[in-house]
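Next comes model19.txt, with compact mmCIF, C-alpha atoms.
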# COMPACT_ATOMS: atom_id res chain seq x y z
CA MET A 17 0.00 0.00 0.00
CA ASN A 18 1.33 3.45 -0.88
CA THR A 19 -0.09 6.66 0.54
CA ALA A 20 0.62 9.83 -1.43
CA TRP A 21 1.90 13.02 0.11
CA GLN A 22 -0.50 15.93 -0.01
CA THR A 23 -0.31 19.63 0.78
CA ILE A 24 -2.25 20.83 3.79
CA ASP A 25 -2.69 24.46 4.77
CA ILE A 26 -1.87 25.85 8.17
CA SER A 27 -1.95 29.51 9.15
CA GLU A 28 1.12 29.59 11.37
CA GLU A 29 4.32 31.58 11.63
CA VAL A 30 6.39 28.83 10.00
CA GLY A 31 4.63 29.17 6.66
CA PRO A 32 1.30 28.79 4.87
CA SER A 33 1.57 25.12 3.97
CA LEU A 34 3.46 21.87 4.42
CA SER A 35 3.45 18.40 2.98
CA ALA A 36 1.86 15.60 4.96
CA ARG A 37 1.03 11.95 4.48
CA VAL A 38 -2.17 10.61 6.05
CA TYR A 39 -2.28 6.90 6.87
CA LYS A 40 -5.63 5.17 7.37
CA CYS A 41 -6.99 1.66 7.50
CA GLY A 42 -10.42 0.37 6.62
CA HIS A 43 -11.42 -1.23 9.91
CA ALA A 44 -11.05 1.61 12.39
CA ALA A 45 -13.85 1.99 14.93
CA LYS A 46 -15.02 5.43 16.02
CA PRO A 47 -13.88 7.48 17.75
CA VAL A 48 -10.64 6.94 15.85
CA PRO A 49 -7.38 7.83 17.65
CA LEU A 50 -5.50 10.55 15.79
CA VAL A 51 -1.72 10.37 15.72
CA VAL A 52 0.87 12.99 14.79
CA TYR A 53 4.00 11.06 13.81
CA PHE A 54 7.58 12.38 13.81
CA HIS A 55 10.22 10.34 12.02
CA GLY A 56 13.77 9.63 13.13
CA GLY A 57 17.05 10.20 11.31
CA ALA A 58 19.38 11.57 14.00
CA PHE A 59 18.20 15.16 13.32
CA LEU A 60 20.09 14.88 10.01
CA SER A 61 17.51 13.38 7.67
CA ALA A 62 14.87 15.63 6.15
CA LYS A 63 14.39 13.52 3.05
CA ARG A 64 10.77 12.75 2.19
CA PRO A 65 10.48 9.12 1.07
CA GLU A 66 7.86 8.19 -1.47
CA ALA A 67 7.40 4.77 0.14
CA GLU A 68 5.41 4.55 3.36
CA ARG A 69 7.32 4.39 6.63
CA PRO A 70 6.76 1.19 8.63
CA VAL A 71 5.99 2.75 12.03
CA PRO A 72 3.05 5.01 11.03
CA ARG A 73 1.67 2.27 8.79
CA ALA A 74 1.71 -0.24 11.68
CA ILE A 75 -0.06 2.24 13.95
CA ALA A 76 -2.66 3.07 11.29
CA ASP A 77 -3.30 -0.64 10.74
CA SER A 78 -4.03 -0.94 14.47
CA GLY A 79 -7.04 1.38 13.98
CA ALA A 80 -5.71 4.96 14.01
CA VAL A 81 -5.43 7.84 11.57
CA VAL A 82 -1.81 8.94 11.39
CA VAL A 83 -0.56 12.27 10.07
CA GLU A 84 3.12 12.24 9.16
CA ALA A 85 4.31 15.77 8.49
CA GLU A 86 7.34 16.88 6.51
CA TYR A 87 8.98 19.31 8.89
CA GLY A 88 12.71 18.89 8.40
CA GLU A 89 12.95 20.80 5.14
CA LEU A 90 11.34 23.98 6.46
CA SER A 91 13.15 24.01 9.80
CA ASP A 92 16.43 22.40 8.70
CA PHE A 93 15.95 20.08 11.66
CA CYS A 94 17.23 22.61 14.19
CA PHE A 95 15.76 23.66 17.52
CA PRO A 96 13.59 25.65 18.10
CA GLU A 97 12.28 25.89 14.52
CA VAL A 98 11.55 22.20 14.16
CA LEU A 99 9.58 22.12 17.41
CA SER A 100 7.53 25.14 16.37
CA HIS A 101 6.70 23.43 13.12
CA ALA A 102 5.83 20.15 14.87
CA SER A 103 3.57 21.99 17.32
CA SER A 104 1.81 23.63 14.39
CA VAL A 105 1.02 20.20 12.97
CA LEU A 106 -0.43 19.16 16.33
CA ARG A 107 -2.65 22.25 16.36
CA PHE A 108 -3.72 21.51 12.79
CA VAL A 109 -4.83 18.00 13.77
CA ASP A 110 -6.52 19.27 16.95
CA GLU A 111 -8.57 21.76 14.96
CA ARG A 112 -9.68 19.03 12.54
CA ARG A 113 -10.54 16.19 14.89
CA LYS A 114 -13.96 15.61 13.37
CA GLU A 115 -12.71 15.84 9.79
CA LEU A 116 -9.85 13.39 10.35
CA GLY A 117 -11.32 11.07 12.96
CA GLY A 118 -15.03 11.25 12.26
CA THR A 119 -15.84 12.81 15.64
CA ALA A 120 -14.75 15.78 17.71
CA LYS A 121 -14.04 13.32 20.56
CA SER A 122 -11.16 11.56 18.81
CA PRO A 123 -8.16 11.40 21.17
CA ILE A 124 -4.84 12.79 19.91
CA PHE A 125 -1.42 11.22 20.39
CA VAL A 126 2.10 12.20 19.38
CA VAL A 127 4.41 9.37 18.30
CA GLY A 128 8.07 9.47 17.35
CA ASP A 129 11.06 7.20 16.97
CA GLU A 130 14.69 8.11 17.75
CA ALA A 131 15.11 11.84 16.90
CA GLY A 132 11.36 11.92 16.24
CA GLY A 133 10.87 10.58 19.77
CA ASN A 134 12.73 13.61 21.06
CA ILE A 135 10.46 15.90 19.06
CA ALA A 136 7.34 14.07 20.24
CA ALA A 137 8.47 14.39 23.88
CA GLY A 138 9.23 18.09 23.36
CA VAL A 139 5.84 18.67 21.74
CA ALA A 140 4.16 16.92 24.69
CA LEU A 141 5.94 19.26 27.11
CA LYS A 142 5.04 22.31 25.04
CA ALA A 143 1.43 21.14 24.73
CA ARG A 144 1.17 20.90 28.51
CA ASP A 145 2.38 24.50 28.80
CA ARG A 146 0.66 26.11 25.82
CA PHE A 147 -2.59 24.17 25.22
CA PRO A 148 -3.21 21.85 28.16
CA GLY A 149 -5.78 19.08 27.93
CA ARG A 150 -5.66 18.64 24.16
CA LEU A 151 -3.09 15.85 24.01
CA THR A 152 -4.17 12.40 25.18
CA GLY A 153 -0.82 10.61 25.16
CA GLN A 154 2.69 10.26 23.78
CA MET A 155 4.38 7.13 22.41
CA LEU A 156 8.18 7.35 22.37
CA LEU A 157 10.07 4.66 20.47
CA SER A 158 13.73 4.66 21.56
CA PRO A 159 13.70 8.45 21.99
CA LEU A 160 17.00 10.28 21.48
CA ILE A 161 16.68 12.66 24.42
CA ASP A 162 20.09 12.91 26.15
CA PRO A 163 22.74 15.05 24.38
CA GLN A 164 25.35 13.95 26.95
CA MET A 165 25.26 10.39 25.51
CA THR A 166 26.77 8.90 28.67
CA SER A 167 24.42 6.00 29.48
CA VAL A 168 25.74 2.46 29.72
CA SER A 169 23.74 1.26 26.72
CA MET A 170 24.96 4.23 24.66
CA ARG A 171 28.59 3.54 25.55
CA GLU A 172 28.08 0.00 24.25
CA ALA A 173 26.73 1.23 20.91
CA ASP A 174 28.42 0.85 17.57
CA VAL A 175 31.01 3.60 17.01
CA GLY A 176 29.38 4.65 13.76
CA MET A 177 25.97 5.09 15.41
CA ARG A 178 27.46 7.09 18.26
CA ALA A 179 29.25 9.38 15.81
CA ARG A 180 26.06 9.96 13.80
CA TRP A 181 24.04 10.78 16.92
CA ALA A 182 26.78 13.12 18.18
CA ASP A 183 26.75 14.94 14.83
CA GLY A 184 22.97 15.10 14.98
CA TRP A 185 22.94 16.59 18.46
CA ARG A 186 25.45 19.28 17.44
CA HIS A 187 23.28 20.15 14.47
CA TYR A 188 19.97 20.17 16.35
CA MET A 189 21.22 22.12 19.39
CA ARG A 190 23.42 24.64 17.61
CA ALA A 191 21.11 27.55 18.50
CA VAL A 192 20.59 26.50 22.15
CA CYS A 193 22.50 28.68 24.59
CA GLY A 194 24.37 26.56 27.11
CA GLY A 195 23.51 23.38 25.24
CA GLN A 196 20.30 22.68 27.18
CA HIS A 197 16.60 23.42 26.88
CA PRO A 198 13.84 21.28 28.40
CA TYR A 199 11.96 21.08 25.09
CA ALA A 200 15.12 20.16 23.17
CA ALA A 201 16.59 17.71 25.71
CA PRO A 202 13.58 16.37 27.65
CA CYS A 203 15.78 14.16 29.84
CA GLY A 204 16.99 17.35 31.55
CA CYS A 205 13.54 18.82 32.12
CA SER A 206 13.03 19.49 35.84
CA ARG A 207 9.24 19.91 35.59
CA LEU A 208 7.46 16.88 34.17
CA THR A 209 4.26 17.04 36.22
CA GLY A 210 1.13 17.32 34.11
CA VAL A 211 2.59 16.06 30.85
CA ALA A 212 0.46 13.63 28.82
CA PRO A 213 0.59 9.90 29.70
CA ALA A 214 3.50 8.15 28.03
CA PHE A 215 4.34 4.80 26.46
CA LEU A 216 8.07 4.15 26.02
CA LEU A 217 9.17 1.26 23.85
CA THR A 218 12.74 0.00 23.56
CA SER A 219 14.62 -3.29 23.50
CA GLU A 220 17.30 -5.21 25.36
CA ASP A 221 19.93 -4.54 22.68
CA ASP A 222 18.96 -0.91 22.03
CA PRO A 223 21.70 1.75 22.46
CA LEU A 224 18.96 4.19 23.55
CA ARG A 225 17.48 1.74 26.07
CA ASP A 226 18.82 3.45 29.17
CA GLU A 227 17.70 6.90 28.03
CA ALA A 228 14.16 5.60 27.50
CA ARG A 229 14.03 3.76 30.81
CA SER A 230 15.45 6.69 32.75
CA TYR A 231 12.90 9.08 31.25
CA ALA A 232 10.09 6.63 32.01
CA GLY A 233 11.22 6.54 35.64
CA ARG A 234 11.38 10.33 35.93
CA LEU A 235 7.90 10.65 34.43
CA ARG A 236 6.55 8.18 37.00
CA GLU A 237 8.19 10.11 39.82
CA ALA A 238 6.42 13.24 38.56
CA GLY A 239 3.06 11.45 38.76
CA VAL A 240 2.67 10.87 35.02
CA ARG A 241 0.94 7.70 33.90
CA VAL A 242 3.57 5.55 32.16
CA ARG A 243 3.52 2.33 30.16
CA GLU A 244 6.93 0.81 29.47
CA GLN A 245 8.00 -2.15 27.36
CA VAL A 246 11.46 -3.59 26.70
CA LEU A 247 11.44 -6.02 23.78
CA PRO A 248 13.73 -9.04 23.54
CA ALA A 249 16.78 -8.66 21.32
CA SER A 250 15.50 -11.45 19.09
CA LEU A 251 12.89 -9.16 17.52
CA GLY A 252 15.55 -7.08 15.74
CA TRP A 253 14.39 -3.76 17.19
CA THR A 254 17.47 -1.81 16.09
CA GLY A 255 16.25 -2.22 12.50
CA ILE A 256 14.00 0.74 13.34
CA TYR A 257 16.97 3.07 12.84
CA LYS A 258 17.21 2.10 9.17
CA GLU A 259 13.47 1.52 8.74
CA HIS A 260 14.12 -2.16 8.05
CA MET A 261 11.04 -4.31 8.54
CA GLY A 262 11.25 -7.16 11.02
CA PRO A 263 9.36 -8.95 13.80
CA TRP A 264 9.62 -5.78 15.89
CA ILE A 265 7.02 -3.97 13.78
CA SER A 266 4.13 -6.02 15.18
CA ALA A 267 5.06 -4.82 18.67
CA VAL A 268 4.54 -1.21 17.57
CA GLY A 269 0.93 -1.62 16.45
CA ALA A 270 0.03 -3.94 19.33
CA GLY A 271 1.73 -1.66 21.83
CA PHE A 272 -0.13 1.41 20.62
CA SER A 273 -3.48 -0.40 20.78
CA ALA A 274 -2.76 -1.61 24.32
CA PHE A 275 -1.75 1.92 25.35
CA VAL A 276 -4.99 3.41 23.99
CA ASP A 277 -7.09 0.70 25.65
CA GLU A 278 -5.28 1.21 28.96
CA LEU A 279 -5.95 4.94 28.91
CA ARG A 280 -9.60 4.42 27.99
CA SER A 281 -10.12 1.94 30.81
CA GLY A 282 -8.55 4.29 33.32
CA ASP A 283 -10.22 7.51 32.20
CA PRO A 284 -13.89 7.55 31.10
CA ALA A 285 -13.26 10.88 29.35
CA ILE A 286 -11.08 9.05 26.79
CA VAL A 287 -13.77 7.47 24.65

What's the structure tokens form of this structure?
Amino acid sequence: MNTAWQTIDISEEVGPSLSARVYKCGHAAKPVPLVVYFHGGAFLSAKRPEAERPVPRAIADSGAVVVEAEYGELSDFCFPEVLSHASSVLRFVDERRKELGGTAKSPIFVVGDEAGGNIAAGVALKARDRFPGRLTGQMLLSPLIDPQMTSVSMREADVGMRARWADGWRHYMRAVCGGQHPYAAPCGCSRLTGVAPAFLLTSEDDPLRDEARSYAGRLREAGVRVREQVLPASLGWTGIYKEHMGPWISAVGAGFSAFVDELRSGDPAIV
């Protein structure tokens, strides 16, 4: 299945329009969860592929409508421009809940993998501060959130991957005074209370495992509802960094569905 990119209009400071790909499946039940998806690429990849990405397709096939926005080209993948653009996409989806999901009650989630996980976490923090109550949850797949890169699992990573992530951090944070900002490096955020419930997914052999688990723990300490899953190494999770399909992809769709069901069972307001 191939989903074409289309131009959608937003009236925001970053520009009048952007390209987006909308993923749907035919068996979604209403109200349909709406997902804003941010892709990875170590903050260095703004290329728009013509082929569908596996993560948003898996989530759409689980019963959601997923909006994947092209934001790297306009912002050059640097903070804070990229976060402003990503937040604009979230507002766009929020304003069109009924059009996209079939009902104004459709819950909204942000999802991202690797560098996109960083952006999703930053958007969730910004949403709490700027438009509270509109975001239902965040799903972070091996989020790249610690520019210090000092965790045990990171130190065990392949040298080439470490070098690429280090280059990406320098590029993304080049406009950040002092090298830190809570929206740009969520692992250093000192105020996590009130952020949307989170689902963090990683694996035993993942170089970003410790960053994900540490952030999950800090969110729990702040009173945030957290779902956490560490996959076995046998599922080939690290293929996510090159968008290589593997057994891991089924865990993405199933994990998202379980996260949505868990939130619905715990909060009657999430229909």

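In terms of minimum interatomic distance to Met261 (chain A), A:Pro70 ranks closest within A:Pro123, A:Pro248, A:Gly210, A:Pro70, counting only C-alpha atoms.
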
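Take CA of Ala173 (chain A) and CA of Pro223 (chain A): the distance between them is 5.3 Å.
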
Find the spatial neighbours of Tyr53 (chain A), counting all atoms listed in the file, within a cut-off of 10 Å - ignore same-chain residues fewer than 4 positions away - and output them as a PyMOL selection string.
chain A and resi 37-38+71-72+75+82-86+102+105-106+125-129+132-133+135-136+155

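Atom pair CA of Pro202 (chain A) / CA of Ser281 (chain A): separated by 27.9 Å.
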
Between CA of Phe59 (chain A) and CA of Leu151 (chain A) lies a distance of 23.8 Å

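Excluding region 212-218 of chain A itself and same-chain residues fewer than 3 positions from it, the residues having an atom within 8 Å of it are A:Ala140, A:Arg144, A:Leu151, A:Thr152, A:Gly153, A:Gln154, A:Met155, A:Leu156, A:Leu157, A:Ser158, A:Asp222, A:Leu224, A:Arg225, A:Ala228, A:Arg229, A:Ala232, A:Val240, A:Arg241, A:Val242, A:Arg243, A:Glu244, A:Gln245, A:Val246, A:Leu247, A:Trp253, A:Phe275, counting all atoms listed in the file.
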
Between A:Arg171, A:Arg190, A:Lys114, A:Arg146, which residue has the minimum interatomic distance to Lys46 (chain A), considering all atoms listed in the file?
A:Lys114

List every protein, DNA or RNA residue with an atom no more than 12 Å from (8.5, -6.9, 15.3) in the file's coordinates, counting only C-alpha atoms, and format the result as a ChimeraX atom specification.
/A:70-71,74,217-219,247-256,259-271

Might you pull out every residue within 12 Å of Arg113 (chain A), with all atoms listed in the file counted and same-chain residues fewer than 4 positions away left off, and present them as a short mmCIF file (atom, residue, chain, number, x, y, z; two decimals) with C-alpha atoms, in the coordinates of the input?
data_model
loop_
_atom_site.label_atom_id
_atom_site.label_comp_id
_atom_site.auth_asym_id
_atom_site.auth_seq_id
_atom_site.Cartn_x
_atom_site.Cartn_y
_atom_site.Cartn_z
CA LYS A 46 -15.02 5.43 16.02
CA PRO A 47 -13.88 7.48 17.75
CA VAL A 48 -10.64 6.94 15.85
CA PRO A 49 -7.38 7.83 17.65
CA LEU A 50 -5.50 10.55 15.79
CA VAL A 51 -1.72 10.37 15.72
CA VAL A 52 0.87 12.99 14.79
CA VAL A 81 -5.43 7.84 11.57
CA VAL A 82 -1.81 8.94 11.39
CA VAL A 83 -0.56 12.27 10.07
CA LEU A 106 -0.43 19.16 16.33
CA ARG A 107 -2.65 22.25 16.36
CA PHE A 108 -3.72 21.51 12.79
CA VAL A 109 -4.83 18.00 13.77
CA GLY A 117 -11.32 11.07 12.96
CA GLY A 118 -15.03 11.25 12.26
CA THR A 119 -15.84 12.81 15.64
CA ALA A 120 -14.75 15.78 17.71
CA LYS A 121 -14.04 13.32 20.56
CA SER A 122 -11.16 11.56 18.81
CA PRO A 123 -8.16 11.40 21.17
CA ILE A 124 -4.84 12.79 19.91
CA PHE A 125 -1.42 11.22 20.39
CA ARG A 150 -5.66 18.64 24.16
CA LEU A 151 -3.09 15.85 24.01
#

Check the smallest atom-to-atom distance from each of A:Ala191, A:Leu279, A:Ile161, A:Leu116 to Asn134 (chain A) using all atoms listed in the file, then report the winner.
A:Ile161

Residue among A:Ala274, A:Ala238, A:Leu99, A:Ala179 lying closest to Pro198 (chain A), counting only C-alpha atoms:
A:Leu99

With all atoms listed in the file as the counted atoms, please give the residues lying no more than 10 Å from Met165 (chain A), apart from itself and same-chain residues fewer than 3 positions off, as a list in words.
Leu160, Ile161, Asp162, Val168, Ser169, Met170, Arg171, Arg178, Trp181, Ala182, Trp185, Pro223, Leu224 and Glu227 of chain A

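Restricting the calculation to all atoms listed in the file, the smallest distance between Thr209 (chain A) and any of A:Asp221, A:Asp183, A:Asp226, A:Asp145 is found for A:Asp145.
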
Using all atoms of region 106-116 of chain A that appear in the file, construct an axis-aligned enclosing box with 5 Å of padding on every side and provide its centre coordinates and edge lengths in Å, rounded to one decimal, as AutoDock Vina command-line options.
--center_x -7.2 --center_y 17.8 --center_z 13.4 --size_x 23.5 --size_y 18.9 --size_z 17.2
